[in-house]
Each structure stands twice: as structure tokens, then as C-alpha cells.
>>> print(open('model-v2.json').read())   # JSON, C-alpha atoms
[["chain", "number", "residue", "atom", "x", "y", "z"],
["A", 1, "MET", "CA", 129.36, 147.32, 18.84],
["A", 2, "ASP", "CA", 132.96, 147.43, 17.74],
["A", 3, "THR", "CA", 133.35, 149.11, 14.36],
["A", 4, "THR", "CA", 137.07, 148.73, 14.04],
["A", 5, "ASN", "CA", 137.48, 145.00, 14.33],
["A", 6, "PRO", "CA", 134.23, 143.23, 13.70],
["A", 7, "LYS", "CA", 134.36, 139.60, 14.70],
["A", 8, "GLN", "CA", 132.99, 136.88, 12.48],
["A", 9, "VAL", "CA", 129.36, 136.37, 13.36],
["A", 10, "THR", "CA", 126.78, 133.89, 12.20],
["A", 11, "ILE", "CA", 123.15, 134.62, 11.57],
["A", 12, "PRO", "CA", 120.48, 131.92, 11.76],
["A", 13, "ARG", "CA", 118.92, 131.19, 8.40],
["A", 14, "VAL", "CA", 115.72, 129.67, 7.12],
["A", 15, "ASP", "CA", 114.50, 128.60, 3.70],
["A", 16, "ALA", "CA", 111.79, 131.17, 3.00],
["A", 17, "ASN", "CA", 110.32, 129.14, 0.14],
["A", 18, "LEU", "CA", 109.92, 126.09, 2.37],
["A", 19, "GLY", "CA", 107.94, 128.32, 4.72],
["A", 20, "LYS", "CA", 105.78, 129.57, 1.85],
["A", 21, "PHE", "CA", 105.23, 126.04, 0.61],
["A", 22, "SER", "CA", 104.17, 124.91, 4.09],
["A", 23, "GLN", "CA", 101.79, 127.83, 4.46],
["A", 24, "GLY", "CA", 100.35, 127.21, 1.01],
["A", 25, "CYS", "CA", 99.72, 123.54, 1.81],
["A", 26, "THR", "CA", 98.05, 124.48, 5.08],
["A", 27, "VAL", "CA", 95.79, 126.99, 3.31],
["A", 28, "VAL", "CA", 94.79, 124.38, 0.71],
["A", 29, "LEU", "CA", 94.19, 121.63, 3.27],
["A", 30, "THR", "CA", 92.16, 123.80, 5.65],
["A", 31, "ALA", "CA", 90.12, 125.22, 2.75],
["A", 32, "LEU", "CA", 89.43, 121.72, 1.41],
["A", 33, "ALA", "CA", 88.45, 120.46, 4.85],
["A", 34, "PHE", "CA", 85.96, 123.28, 5.25],
["A", 35, "LEU", "CA", 84.57, 123.06, 1.72],
["A", 36, "LEU", "CA", 84.09, 119.30, 1.89],
["A", 37, "GLN", "CA", 83.18, 119.34, 5.61],
["A", 38, "GLN", "CA", 85.77, 116.66, 6.34],
["A", 39, "PRO", "CA", 87.12, 116.77, 9.92],
["A", 40, "ILE", "CA", 89.55, 114.00, 9.01],
["A", 41, "ILE", "CA", 91.47, 116.46, 6.81],
["A", 42, "VAL", "CA", 91.64, 118.79, 9.80],
["A", 43, "ALA", "CA", 93.10, 116.00, 11.94],
["A", 44, "ILE", "CA", 95.64, 115.08, 9.24],
["A", 45, "THR", "CA", 96.69, 118.73, 8.88],
["A", 46, "ALA", "CA", 97.10, 118.96, 12.66],
["A", 47, "ILE", "CA", 99.39, 115.92, 12.65],
["A", 48, "ILE", "CA", 101.43, 117.30, 9.75],
["A", 49, "MET", "CA", 101.87, 120.67, 11.48],
["A", 50, "ALA", "CA", 102.72, 118.99, 14.79],
["A", 51, "LEU", "CA", 105.49, 117.01, 13.10],
["A", 52, "SER", "CA", 106.77, 120.15, 11.38],
["A", 53, "ALA", "CA", 106.87, 122.01, 14.69],
["A", 54, "LEU", "CA", 108.32, 119.26, 16.87],
["A", 55, "ALA", "CA", 110.59, 117.47, 14.40],
["A", 56, "PRO", "CA", 111.21, 119.76, 11.42],
["A", 57, "GLY", "CA", 113.61, 117.27, 9.85],
["A", 58, "ILE", "CA", 110.86, 114.74, 9.25],
["A", 59, "GLY", "CA", 108.00, 117.17, 8.69],
["A", 60, "PRO", "CA", 105.84, 116.02, 5.76],
["A", 61, "TYR", "CA", 105.87, 119.51, 4.21],
["A", 62, "ARG", "CA", 109.68, 119.48, 4.23],
["A", 63, "LEU", "CA", 109.85, 115.96, 2.80],
["A", 64, "LEU", "CA", 107.43, 116.88, 0.02],
["A", 65, "TYR", "CA", 109.32, 120.08, -0.67],
["A", 66, "LYS", "CA", 112.74, 118.42, -0.76],
["A", 67, "GLY", "CA", 111.58, 115.29, -2.57],
["A", 68, "ILE", "CA", 109.03, 116.52, -5.09],
["A", 69, "VAL", "CA", 108.99, 120.30, -5.37],
["A", 70, "VAL", "CA", 112.68, 121.26, -5.44],
["A", 71, "PRO", "CA", 114.18, 118.53, -7.73],
["A", 72, "PRO", "CA", 112.18, 119.52, -10.86],
["A", 73, "GLY", "CA", 112.74, 123.21, -10.06],
["A", 74, "LEU", "CA", 109.13, 124.06, -9.20],
["A", 75, "LEU", "CA", 110.54, 126.07, -6.30],
["A", 76, "LYS", "CA", 114.14, 126.87, -5.51],
["A", 77, "PRO", "CA", 115.40, 127.15, -1.94],
["A", 78, "ARG", "CA", 115.68, 130.79, -0.88],
["A", 79, "VAL", "CA", 117.76, 130.89, 2.26],
["A", 80, "VAL", "CA", 117.41, 134.15, 4.16],
["A", 81, "GLU", "CA", 118.58, 135.50, 7.48],
["A", 82, "ASP", "CA", 115.85, 134.69, 9.96],
["A", 83, "ASP", "CA", 115.24, 132.84, 13.19],
["A", 84, "PRO", "CA", 113.47, 129.48, 12.80],
["A", 85, "ASN", "CA", 112.18, 129.33, 16.39],
["A", 86, "PRO", "CA", 109.25, 131.77, 16.05],
["A", 87, "HIS", "CA", 108.11, 129.96, 12.91],
["A", 88, "ARG", "CA", 108.13, 126.62, 14.73],
["A", 89, "PHE", "CA", 106.19, 128.21, 17.55],
["A", 90, "ALA", "CA", 103.65, 129.53, 15.04],
["A", 91, "GLN", "CA", 103.25, 126.03, 13.62],
["A", 92, "GLY", "CA", 102.74, 124.76, 17.15],
["A", 93, "VAL", "CA", 99.96, 127.30, 17.69],
["A", 94, "GLY", "CA", 98.37, 126.20, 14.42],
["A", 95, "THR", "CA", 98.58, 122.60, 15.58],
["A", 96, "VAL", "CA", 96.77, 123.43, 18.82],
["A", 97, "PHE", "CA", 93.96, 125.20, 16.96],
["A", 98, "LEU", "CA", 93.57, 122.38, 14.43],
["A", 99, "ALA", "CA", 93.72, 119.67, 17.08],
["A", 100, "ALA", "CA", 91.08, 121.49, 19.12],
["A", 101, "SER", "CA", 89.00, 121.89, 15.97],
["A", 102, "ALA", "CA", 89.27, 118.18, 15.15],
["A", 103, "ILE", "CA", 88.35, 117.17, 18.71],
["A", 104, "VAL", "CA", 85.34, 119.47, 18.72],
["A", 105, "LEU", "CA", 84.20, 118.30, 15.29],
["A", 106, "PHE", "CA", 84.63, 114.59, 16.06],
["A", 107, "LEU", "CA", 83.41, 114.48, 19.64],
["A", 108, "THR", "CA", 80.85, 117.25, 20.07],
["A", 109, "PRO", "CA", 77.89, 118.66, 18.17],
["A", 110, "LEU", "CA", 79.47, 122.14, 18.22],
["A", 111, "THR", "CA", 80.32, 122.19, 14.54],
["A", 112, "ALA", "CA", 80.27, 125.98, 14.28],
["A", 113, "LEU", "CA", 82.95, 126.24, 16.98],
["A", 114, "GLY", "CA", 85.01, 123.49, 15.36],
["A", 115, "TRP", "CA", 85.00, 125.12, 11.95],
["A", 116, "THR", "CA", 85.67, 128.55, 13.43],
["A", 117, "LEU", "CA", 88.86, 127.21, 15.04],
["A", 118, "GLU", "CA", 89.83, 125.67, 11.74],
["A", 119, "LEU", "CA", 89.13, 128.83, 9.75],
["A", 120, "ILE", "CA", 91.33, 130.85, 12.10],
["A", 121, "VAL", "CA", 94.27, 128.72, 10.92],
["A", 122, "PHE", "CA", 93.13, 129.16, 7.30],
["A", 123, "VAL", "CA", 93.08, 132.96, 7.64],
["A", 124, "LEU", "CA", 96.37, 133.25, 9.55],
["A", 125, "SER", "CA", 98.19, 130.92, 7.17],
["A", 126, "GLY", "CA", 96.77, 132.88, 4.25],
["A", 127, "ILE", "CA", 98.00, 136.17, 5.71],
["A", 128, "ASN", "CA", 101.45, 134.72, 6.29],
["A", 129, "LEU", "CA", 101.52, 133.27, 2.77],
["A", 130, "THR", "CA", 100.43, 136.42, 0.97],
["A", 131, "ILE", "CA", 101.66, 139.25, 3.17],
["A", 132, "GLY", "CA", 104.45, 137.66, 5.16],
["A", 133, "PHE", "CA", 102.99, 138.70, 8.51],
["A", 134, "CYS", "CA", 103.47, 135.82, 10.96],
["A", 135, "VAL", "CA", 100.94, 136.23, 13.75],
["A", 136, "GLY", "CA", 102.41, 133.28, 15.69],
["A", 137, "CYS", "CA", 105.83, 134.94, 15.58],
["A", 138, "PHE", "CA", 104.25, 138.13, 16.86],
["A", 139, "VAL", "CA", 102.70, 136.21, 19.78],
["A", 140, "TYR", "CA", 106.04, 134.48, 20.44],
["A", 141, "TYR", "CA", 107.75, 137.85, 20.65],
["A", 142, "HIS", "CA", 105.23, 139.25, 23.11],
["A", 143, "LEU", "CA", 105.13, 136.11, 25.26],
["A", 144, "GLY", "CA", 108.88, 136.42, 25.54],
["A", 145, "ARG", "CA", 108.59, 140.05, 26.58],
["A", 146, "LEU", "CA", 106.06, 139.09, 29.25],
["A", 147, "GLY", "CA", 108.41, 136.39, 30.52],
["A", 148, "LEU", "CA", 105.96, 133.62, 29.65],
["A", 149, "LEU", "CA", 108.49, 131.85, 27.47],
["A", 150, "PRO", "CA", 112.00, 130.93, 28.66],
["A", 151, "ARG", "CA", 114.38, 133.70, 27.74],
["A", 152, "VAL", "CA", 116.61, 131.39, 25.75],
["A", 153, "ARG", "CA", 113.66, 130.53, 23.54],
["A", 154, "TYR", "CA", 112.65, 134.12, 23.19],
["A", 155, "GLU", "CA", 114.60, 134.95, 20.08],
["A", 156, "GLY", "CA", 111.91, 135.71, 17.62],
["A", 157, "GLY", "CA", 110.13, 138.84, 16.79],
["A", 158, "PHE", "CA", 107.96, 140.82, 14.53],
["A", 159, "HIS", "CA", 108.01, 139.67, 10.94],
["A", 160, "TRP", "CA", 106.19, 141.52, 8.27],
["A", 161, "ARG", "CA", 107.74, 141.25, 4.84],
["A", 162, "GLY", "CA", 107.77, 144.52, 3.00],
["A", 163, "VAL", "CA", 107.40, 146.67, 6.09],
["B", 1, "MET", "CA", 76.24, 121.67, -4.21],
["B", 2, "SER", "CA", 74.72, 124.92, -2.99],
["B", 3, "GLU", "CA", 76.26, 124.27, 0.44],
["B", 4, "ILE", "CA", 79.72, 124.07, -1.09],
["B", 5, "ILE", "CA", 79.10, 127.36, -2.87],
["B", 6, "ILE", "CA", 78.05, 128.98, 0.40],
["B", 7, "ARG", "CA", 81.19, 127.65, 2.10],
["B", 8, "LEU", "CA", 83.32, 128.87, -0.78],
["B", 9, "ALA", "CA", 81.70, 132.28, -0.42],
["B", 10, "ILE", "CA", 82.54, 132.23, 3.30],
["B", 11, "LEU", "CA", 86.19, 131.46, 2.52],
["B", 12, "VAL", "CA", 86.35, 134.25, -0.04],
["B", 13, "LEU", "CA", 84.68, 136.68, 2.35],
["B", 14, "LEU", "CA", 87.12, 135.78, 5.12],
["B", 15, "GLY", "CA", 89.99, 136.30, 2.71],
["B", 16, "ILE", "CA", 88.66, 139.71, 1.68],
["B", 17, "ILE", "CA", 88.17, 140.81, 5.31],
["B", 18, "ALA", "CA", 91.67, 139.66, 6.23],
["B", 19, "TRP", "CA", 93.13, 141.47, 3.24],
["B", 20, "MET", "CA", 91.28, 144.67, 4.11],
["B", 21, "LEU", "CA", 92.60, 144.54, 7.67],
["B", 22, "VAL", "CA", 96.10, 143.97, 6.36],
["B", 23, "LEU", "CA", 95.79, 146.86, 3.91],
["B", 24, "VAL", "CA", 94.69, 149.17, 6.73],
["B", 25, "GLY", "CA", 97.67, 148.03, 8.79],
["B", 26, "ARG", "CA", 100.09, 148.51, 5.92],
["B", 27, "SER", "CA", 98.81, 151.96, 5.07],
["B", 28, "PHE", "CA", 99.24, 152.93, 8.73],
["B", 29, "VAL", "CA", 102.83, 151.69, 8.71],
["B", 30, "GLU", "CA", 103.52, 153.43, 5.40],
["B", 31, "LYS", "CA", 102.20, 156.68, 6.81],
["B", 32, "GLN", "CA", 104.51, 156.33, 9.81],
["B", 33, "ARG", "CA", 107.41, 155.61, 7.48],
["B", 34, "ARG", "CA", 106.66, 158.65, 5.30],
["B", 35, "ASN", "CA", 106.59, 160.85, 8.39],
["B", 36, "ALA", "CA", 109.87, 159.35, 9.58],
["B", 37, "LEU", "CA", 111.55, 159.90, 6.20],
["B", 38, "SER", "CA", 110.46, 163.53, 6.08],
["B", 39, "ALA", "CA", 111.54, 164.30, 9.64],
["B", 40, "ALA", "CA", 114.28, 166.86, 10.17],
["B", 41, "PRO", "CA", 117.49, 165.39, 11.58],
["B", 42, "PRO", "CA", 117.24, 165.66, 15.37],
["B", 43, "SER", "CA", 119.92, 167.77, 17.02],
["B", 44, "ILE", "CA", 120.70, 164.92, 19.38],
["B", 45, "LEU", "CA", 122.45, 163.14, 16.50],
["B", 46, "SER", "CA", 125.19, 165.72, 16.42],
["B", 47, "GLU", "CA", 125.92, 165.22, 20.09],
["B", 48, "SER", "CA", 128.08, 162.47, 21.45],
["B", 49, "GLY", "CA", 126.52, 159.92, 23.71],
["B", 50, "ILE", "CA", 124.10, 158.24, 21.35],
["B", 51, "GLY", "CA", 125.04, 154.67, 20.73],
["B", 52, "GLU", "CA", 128.19, 152.85, 21.57],
["B", 53, "THR", "CA", 130.02, 153.63, 18.38],
["B", 54, "ALA", "CA", 130.13, 157.38, 18.26],
["B", 55, "THR", "CA", 133.17, 158.32, 16.26],
["B", 56, "THR", "CA", 134.87, 161.65, 15.89],
["B", 57, "SER", "CA", 134.43, 161.84, 12.11],
["B", 58, "VAL", "CA", 131.09, 161.55, 10.39],
["B", 59, "THR", "CA", 130.93, 158.77, 7.83],
["B", 60, "PRO", "CA", 128.83, 159.16, 4.67],
["B", 61, "VAL", "CA", 126.27, 156.73, 6.04],
["B", 62, "ARG", "CA", 125.05, 156.30, 9.58],
["B", 63, "ILE", "CA", 122.64, 153.63, 10.67],
["B", 64, "LEU", "CA", 120.55, 154.09, 13.77],
["B", 65, "ALA", "CA", 119.88, 150.65, 15.21],
["B", 66, "PHE", "CA", 116.98, 150.78, 17.63],
["B", 67, "ARG", "CA", 117.08, 148.02, 20.20],
["B", 68, "SER", "CA", 115.98, 147.29, 23.74],
["B", 69, "GLU", "CA", 117.36, 145.25, 26.59],
["B", 70, "ASP", "CA", 114.77, 142.49, 26.24],
["B", 71, "CYS", "CA", 114.99, 142.24, 22.45],
["B", 72, "HIS", "CA", 116.79, 139.01, 21.69],
["B", 73, "GLN", "CA", 116.09, 139.29, 17.99],
["B", 74, "CYS", "CA", 118.15, 142.49, 18.03],
["B", 75, "LYS", "CA", 121.10, 140.53, 19.37],
["B", 76, "ARG", "CA", 120.61, 137.30, 17.48],
["B", 77, "LEU", "CA", 119.65, 138.64, 14.06],
["B", 78, "GLN", "CA", 119.97, 142.40, 13.70],
["B", 79, "ALA", "CA", 123.36, 142.90, 15.36],
["B", 80, "PRO", "CA", 125.09, 140.23, 13.21],
["B", 81, "ALA", "CA", 123.51, 141.67, 10.06],
["B", 82, "LEU", "CA", 124.78, 145.13, 10.99],
["B", 83, "GLU", "CA", 128.24, 143.71, 11.61],
["B", 84, "HIS", "CA", 128.18, 142.16, 8.14],
["B", 85, "VAL", "CA", 127.32, 145.58, 6.72],
["B", 86, "LEU", "CA", 130.21, 147.10, 8.63],
["B", 87, "GLU", "CA", 132.57, 144.44, 7.33],
["B", 88, "ALA", "CA", 131.45, 145.05, 3.76],
["B", 89, "ARG", "CA", 131.45, 148.90, 3.86],
["B", 90, "ARG", "CA", 133.86, 149.50, 6.70],
["B", 91, "GLU", "CA", 135.08, 153.02, 5.88],
["B", 92, "THR", "CA", 131.75, 154.46, 4.95],
["B", 93, "VAL", "CA", 129.31, 153.29, 7.60],
["B", 94, "THR", "CA", 128.83, 153.93, 11.28],
["B", 95, "ILE", "CA", 126.36, 152.01, 13.40],
["B", 96, "MET", "CA", 124.76, 153.94, 16.23],
["B", 97, "GLU", "CA", 122.91, 151.78, 18.68],
["B", 98, "VAL", "CA", 119.87, 153.43, 20.21],
["B", 99, "ASP", "CA", 118.07, 152.18, 23.29],
["B", 100, "ALA", "CA", 114.42, 152.54, 22.31],
["B", 101, "ALA", "CA", 113.36, 152.55, 25.95],
["B", 102, "THR", "CA", 115.31, 155.68, 26.85],
["B", 103, "GLU", "CA", 115.78, 157.68, 23.63],
["B", 104, "HIS", "CA", 112.23, 158.97, 23.37],
["B", 105, "ASP", "CA", 113.04, 161.83, 21.00],
["B", 106, "LEU", "CA", 114.57, 159.56, 18.40],
["B", 107, "VAL", "CA", 111.78, 157.02, 18.80],
["B", 108, "GLN", "CA", 109.24, 159.80, 18.27],
["B", 109, "THR", "CA", 111.10, 161.34, 15.35],
["B", 110, "TYR", "CA", 111.42, 158.09, 13.43],
["B", 111, "ARG", "CA", 108.06, 156.67, 14.56],
["B", 112, "VAL", "CA", 109.68, 153.50, 15.83],
["B", 113, "MET", "CA", 106.94, 150.98, 16.60],
["B", 114, "THR", "CA", 108.96, 147.84, 17.13],
["B", 115, "VAL", "CA", 112.48, 146.64, 17.78],
["B", 116, "PRO", "CA", 114.65, 145.97, 16.00],
["B", 117, "SER", "CA", 114.22, 148.95, 13.72],
["B", 118, "THR", "CA", 116.91, 150.59, 11.63],
["B", 119, "VAL", "CA", 117.12, 154.07, 10.14],
["B", 120, "VAL", "CA", 119.70, 154.67, 7.43],
["B", 121, "LEU", "CA", 120.92, 158.27, 7.44],
["B", 122, "ASP", "CA", 122.81, 160.04, 4.70],
["B", 123, "THR", "CA", 125.75, 162.39, 5.22],
["B", 124, "ASN", "CA", 123.47, 165.28, 6.15],
["B", 125, "GLY", "CA", 121.65, 163.20, 8.71],
["B", 126, "ASN", "CA", 118.49, 162.91, 6.63],
["B", 127, "ALA", "CA", 116.68, 159.60, 6.83],
["B", 128, "HIS", "CA", 117.13, 157.70, 3.59],
["B", 129, "ALA", "CA", 115.38, 154.48, 4.63],
["B", 130, "VAL", "CA", 113.42, 153.28, 7.63],
["B", 131, "ASN", "CA", 113.11, 149.56, 8.35],
["B", 132, "TYR", "CA", 110.55, 148.49, 10.94],
["B", 133, "GLY", "CA", 111.41, 144.98, 12.07],
["B", 134, "PHE", "CA", 114.48, 142.96, 11.17],
["B", 135, "ALA", "CA", 116.35, 144.20, 8.09],
["B", 136, "ASN", "CA", 118.70, 141.65, 6.58],
["B", 137, "THR", "CA", 122.23, 142.31, 5.34],
["B", 138, "ASN", "CA", 121.33, 142.59, 1.66],
["B", 139, "ARG", "CA", 118.56, 145.05, 2.30],
["B", 140, "LEU", "CA", 120.79, 147.26, 4.42],
["B", 141, "LEU", "CA", 123.65, 147.04, 1.94],
["B", 142, "SER", "CA", 121.43, 148.13, -0.93],
["B", 143, "GLN", "CA", 120.18, 151.08, 1.12],
["B", 144, "VAL", "CA", 123.75, 152.04, 2.03],
["B", 145, "ASP", "CA", 124.87, 151.72, -1.58],
["B", 146, "GLU", "CA", 122.05, 153.97, -2.78],
["B", 147, "ILE", "CA", 123.35, 156.72, -0.53],
["B", 148, "LEU", "CA", 126.96, 156.14, -1.57],
["B", 149, "THR", "CA", 126.01, 156.20, -5.26],
["B", 150, "LYS", "CA", 124.15, 159.46, -4.80],
["B", 151, "ALA", "CA", 127.07, 160.94, -2.88],
["B", 152, "ASN", "CA", 129.52, 159.89, -5.60],
["B", 153, "LEU", "CA", 127.33, 161.34, -8.33],
["B", 154, "SER", "CA", 127.00, 164.68, -6.61],
["B", 155, "SER", "CA", 130.71, 165.01, -5.80]]
>>> encode(input="model-v2.json", output="C-alpha cells")
Amino acid sequence: MDTTNPKQVTIPRVDANLGKFSQGCTVVLTALAFLLQQPIIVAITAIIMALSALAPGIGPYRLLYKGIVVPPGLLKPRVVEDDPNPHRFAQGVGTVFLAASAIVLFLTPLTALGWTLELIVFVLSGINLTIGFCVGCFVYYHLGRLGLLPRVRYEGGFHWRGV
Amino acid sequence: MSEIIIRLAILVLLGIIAWMLVLVGRSFVEKQRRNALSAAPPSILSESGIGETATTSVTPVRILAFRSEDCHQCKRLQAPALEHVLEARRETVTIMEVDAATEHDLVQTYRVMTVPSTVVLDTNGNAHAVNYGFANTNRLLSQVDEILTKANLSS
């Protein structure tokens, strides 16, 4: 690293409060689905998370955040230096778990398995919301190290706020 | 109704278990950090050859930036943040890049568990702050400024 003539560099940024809002919504939806035993809420949450992971610009969480939460000042954007790719990957993992849960709950009698898959997302989202430890990002990092993700997509890492 | 209460209890129990696991993890990390902060400056720091930015004069603040060849977050996030710190505090800070895969003594001394990690050293080479994981520009700047403020007060 050149200390004498540092070149202008850019750092990827994410809105941390949008992430928190998304995690909070996921926690609420998965808790409600389990409490009310409504697999349809699981399926809806899976679709929402899939959209957020695949097309962040039209993700329902983002639209809610930008359209309803930010304008009255309930939350203010907090843009921090971070890489968005691991977070999208984590949402993708959540989508897979919730989709599997919904399929199991709708199509099989294995309700315990279905709700276990759903509760995994509840717990991991809760940990990310309260502690800032993103398990999906952690997996992304290690998959990249093992060469199981393309190197260009392996840009994430270990995130644990406060550590 | 009683079923909902049982499910609510399950959710609460899961939350408590997760929190306990997290607390155990955090206390482990804090213990590692305390050990790192109390470690004596390793002699290897006074030798040339560590990092790519070894300079002849010692600046008031040195930052050890632990990285590895396969750590893209080090390149994409941590390196730019360190460059921003250099831009902002040019005369007072030196960045010393450390390859975590080969510098075992430094990794052991500062209990580095992940890359990127950064260790902010004061003028005497004592660790002032240890960041496991990505440390953003503001965090690093505040740690650097704490050292500079202390140095100004004592001089």
C-alpha cells in the first residue's frame, strides 16, 4: 500500500437501517407464522426475501422502508461502509429455508420439520437484528474460501457488529 | 389459546438459547481482545520486512492490517478504509500489512481469528485497539485520534 500518494478509492456502502428493518420484518413475519400456524405467511415471507435477494431495487422491504418508514422519520438511512453481496446471499439462504419450509408444510404431513426450517430463519434473523452477526455472510465467506463460489462474488466476510 | 401460549414459549426459549450462545461467543472474543491488548509489543515490529509500507521513521500511530491472499473483503473494504485513514491523518499514521498466513507470531500475539483484522498501535508499539473483522474508516479514525490526543496531552 502506498502511503505517500494514496489514490482515490471507493468503498461499497449499504444502508444499515434498511438491513435492520428487513431483519425486523422477517422476525415478525416468521414469529407470526409460527404462532398462528399459517404456512401461507411463510410462503409470502419467502417470496419477499427472494425478491430482496434477486432484485433489491423492487424488494418489498425496501419499498416499505423508502415509502412508509423513512418519509415520516421513523428510521433514517444510515449508510455505512460494507459489501452488499454477502447480505444478499444471506437473504437467498433465508429464502431457500423458508421455501423448503412452505413446501414441507403445504405438501407433506411433516409439520415439525417444516416449522423447524422456519424457526431457523427466525433465530438467525433475530441474531442478525440484535447482535449484528450475519450467519449467511459467514457462510458466504467460507464458501468463497473453499472455492465453492466464484471468486468475483467472494467479496464478503465476517460481520459481527461490536466485535 | 393454550397452543399459542406454548408456541410463544417456544419462541422465547429459542431466543434465550440463541442469546446465551451469542453471549458465550462474545465473551470468548472479548477475552481474546483483552489478551491482545495486554500483549507486549513483539520484537518483530522493530525489524524491517513486515508489511509493504515499512518506513524509516516511526509515526505516532501504526496500524497492523492483517490480511490473506484469498481475503477479498480485505481488498474491497478494508484496504480502501485504511487508505482513507492515511489520507486523513497522513503524517501521523503508518499502515503495516501483515500476511496472516505467514506471520504466525503476530497472529498469535494479537489473537487474530479472522481477516481482515486491524491492530492500532501507539508510539511505543503497545496495542491501543484490536478490531476483529472489518473496521470502517470512522472507527479507525476515532481510534487513531484517541492515541494522538493522548500523545499531545503527555507532550
>>> residues_around(input="model-v2.json", residues="A:Val104", least_positions_apart="5", cutoff="9 Å", atoms="only C-alpha atoms", output="PyMOL selection string")
chain A and resi 99+109-111+113-115
>>> residues_around(input="model-v2.json", residues="stretch 24-41 of chain B", least_positions_apart="3", cutoff="8 Å", atoms="only C-alpha atoms", output="PyMOL selection string")
(chain A and resi 163) or (chain B and resi 20-21+45+109-111+125-130)
>>> closest_atom_pairs(input="model-v2.json", of="chain B", to="chain A", cutoff="6 Å", atoms="all atoms listed in the file", output="tab-separated table")
residue	atom	partner	partner_atom	distance
B:Ile4	CA	A:Leu35	CA	5.7
B:Arg7	CA	A:Leu35	CA	5.7
B:His72	CA	A:Glu155	CA	4.9
B:Gln73	CA	A:Glu155	CA	5.0
B:Leu77	CA	A:Ile11	CA	5.9
B:Pro80	CA	A:Val9	CA	5.8
B:Gly133	CA	A:Phe158	CA	5.9
>>> residues_around(input="model-v2.json", residues="A:Pro77", least_positions_apart="6", cutoff="8 Å", atoms="all atoms listed in the file", output="list in words")
Asp15, Ala16, Asn17, Leu18 and Val70 of chain A
>>> atom_distance(input="model-v2.json", atom1="atom CA of B:Leu64", atom2="atom CA of A:Asn128")
28.2 Å
>>> atom_distance(input="model-v2.json", atom1="atom CA of A:Pro56", atom2="atom CA of A:Ser22")
11.4 Å
>>> closest_residue(input="model-v2.json", among="A:Lys66, A:Ser125, A:Gly132, A:Gln91", to="A:Ile48", atoms="all atoms listed in the file")
A:Gln91
>>> atom_distance(input="model-v2.json", atom1="atom CA of B:Glu69", atom2="atom CA of B:Asn136")
20.4 Å
>>> axis_aligned_box(input="model-v2.json", around="stretch 27-40 of chain A", padding_each_side="8 Å", output="JSON")
{"center_x": 89.5, "center_y": 120.5, "center_z": 5.3, "size_x": 28.6, "size_y": 29.0, "size_z": 25.2}
>>> closest_residue(input="model-v2.json", among="A:Tyr140, A:Phe21, A:Leu29, A:Leu129", to="A:Leu75", atoms="only C-alpha atoms")
A:Phe21
>>> residues_around(input="model-v2.json", residues="stretch 41-46 of chain A", least_positions_apart="4", cutoff="8 Å", atoms="all atoms listed in the file", output="PyMOL selection string")
chain A and resi 26+29-30+32-33+50+94-96+98-99+101-102+118
>>> decode(input="model-v2.json", residues="stretch 99-104 of chain A", atoms="all heavy atoms", output="PDB file, in the first residue's frame")
ATOM      1  N   ALA A  99     -38.707 -21.328   1.710  1.00  0.00           N
ATOM      2  CA  ALA A  99     -39.398 -22.024   0.609  1.00  0.00           C
ATOM      3  C   ALA A  99     -39.509 -23.508   0.929  1.00  0.00           C
ATOM      4  O   ALA A  99     -40.573 -24.124   0.731  1.00  0.00           O
ATOM      5  CB  ALA A  99     -38.643 -21.804  -0.698  1.00  0.00           C
ATOM      6  N   ALA A 100     -38.417 -24.077   1.439  1.00  0.00           N
ATOM      7  CA  ALA A 100     -38.453 -25.503   1.815  1.00  0.00           C
ATOM      8  C   ALA A 100     -39.485 -25.728   2.911  1.00  0.00           C
ATOM      9  O   ALA A 100     -40.256 -26.703   2.877  1.00  0.00           O
ATOM     10  CB  ALA A 100     -37.067 -25.943   2.285  1.00  0.00           C
ATOM     11  N   SER A 101     -39.509 -24.808   3.871  1.00  0.00           N
ATOM     12  CA  SER A 101     -40.481 -24.912   4.961  1.00  0.00           C
ATOM     13  C   SER A 101     -41.905 -24.879   4.417  1.00  0.00           C
ATOM     14  O   SER A 101     -42.756 -25.712   4.798  1.00  0.00           O
ATOM     15  CB  SER A 101     -40.254 -23.753   5.944  1.00  0.00           C
ATOM     16  OG  SER A 101     -41.349 -23.637   6.814  1.00  0.00           O
ATOM     17  N   ALA A 102     -42.177 -23.931   3.524  1.00  0.00           N
ATOM     18  CA  ALA A 102     -43.529 -23.803   2.970  1.00  0.00           C
ATOM     19  C   ALA A 102     -43.916 -25.060   2.189  1.00  0.00           C
ATOM     20  O   ALA A 102     -45.047 -25.558   2.321  1.00  0.00           O
ATOM     21  CB  ALA A 102     -43.602 -22.566   2.068  1.00  0.00           C
ATOM     22  N   ILE A 103     -42.983 -25.580   1.409  1.00  0.00           N
ATOM     23  CA  ILE A 103     -43.274 -26.796   0.621  1.00  0.00           C
ATOM     24  C   ILE A 103     -43.598 -27.961   1.552  1.00  0.00           C
ATOM     25  O   ILE A 103     -44.577 -28.687   1.356  1.00  0.00           O
ATOM     26  CB  ILE A 103     -42.068 -27.126  -0.295  1.00  0.00           C
ATOM     27  CG1 ILE A 103     -41.981 -26.092  -1.415  1.00  0.00           C
ATOM     28  CG2 ILE A 103     -42.194 -28.532  -0.880  1.00  0.00           C
ATOM     29  CD1 ILE A 103     -40.693 -26.133  -2.214  1.00  0.00           C
ATOM     30  N   VAL A 104     -42.762 -28.100   2.578  1.00  0.00           N
ATOM     31  CA  VAL A 104     -42.988 -29.206   3.528  1.00  0.00           C
ATOM     32  C   VAL A 104     -44.339 -29.040   4.231  1.00  0.00           C
ATOM     33  O   VAL A 104     -45.110 -29.998   4.360  1.00  0.00           O
ATOM     34  CB  VAL A 104     -41.835 -29.262   4.564  1.00  0.00           C
ATOM     35  CG1 VAL A 104     -42.181 -30.220   5.704  1.00  0.00           C
ATOM     36  CG2 VAL A 104     -40.545 -29.694   3.896  1.00  0.00           C
TER      37      VAL A 104
END
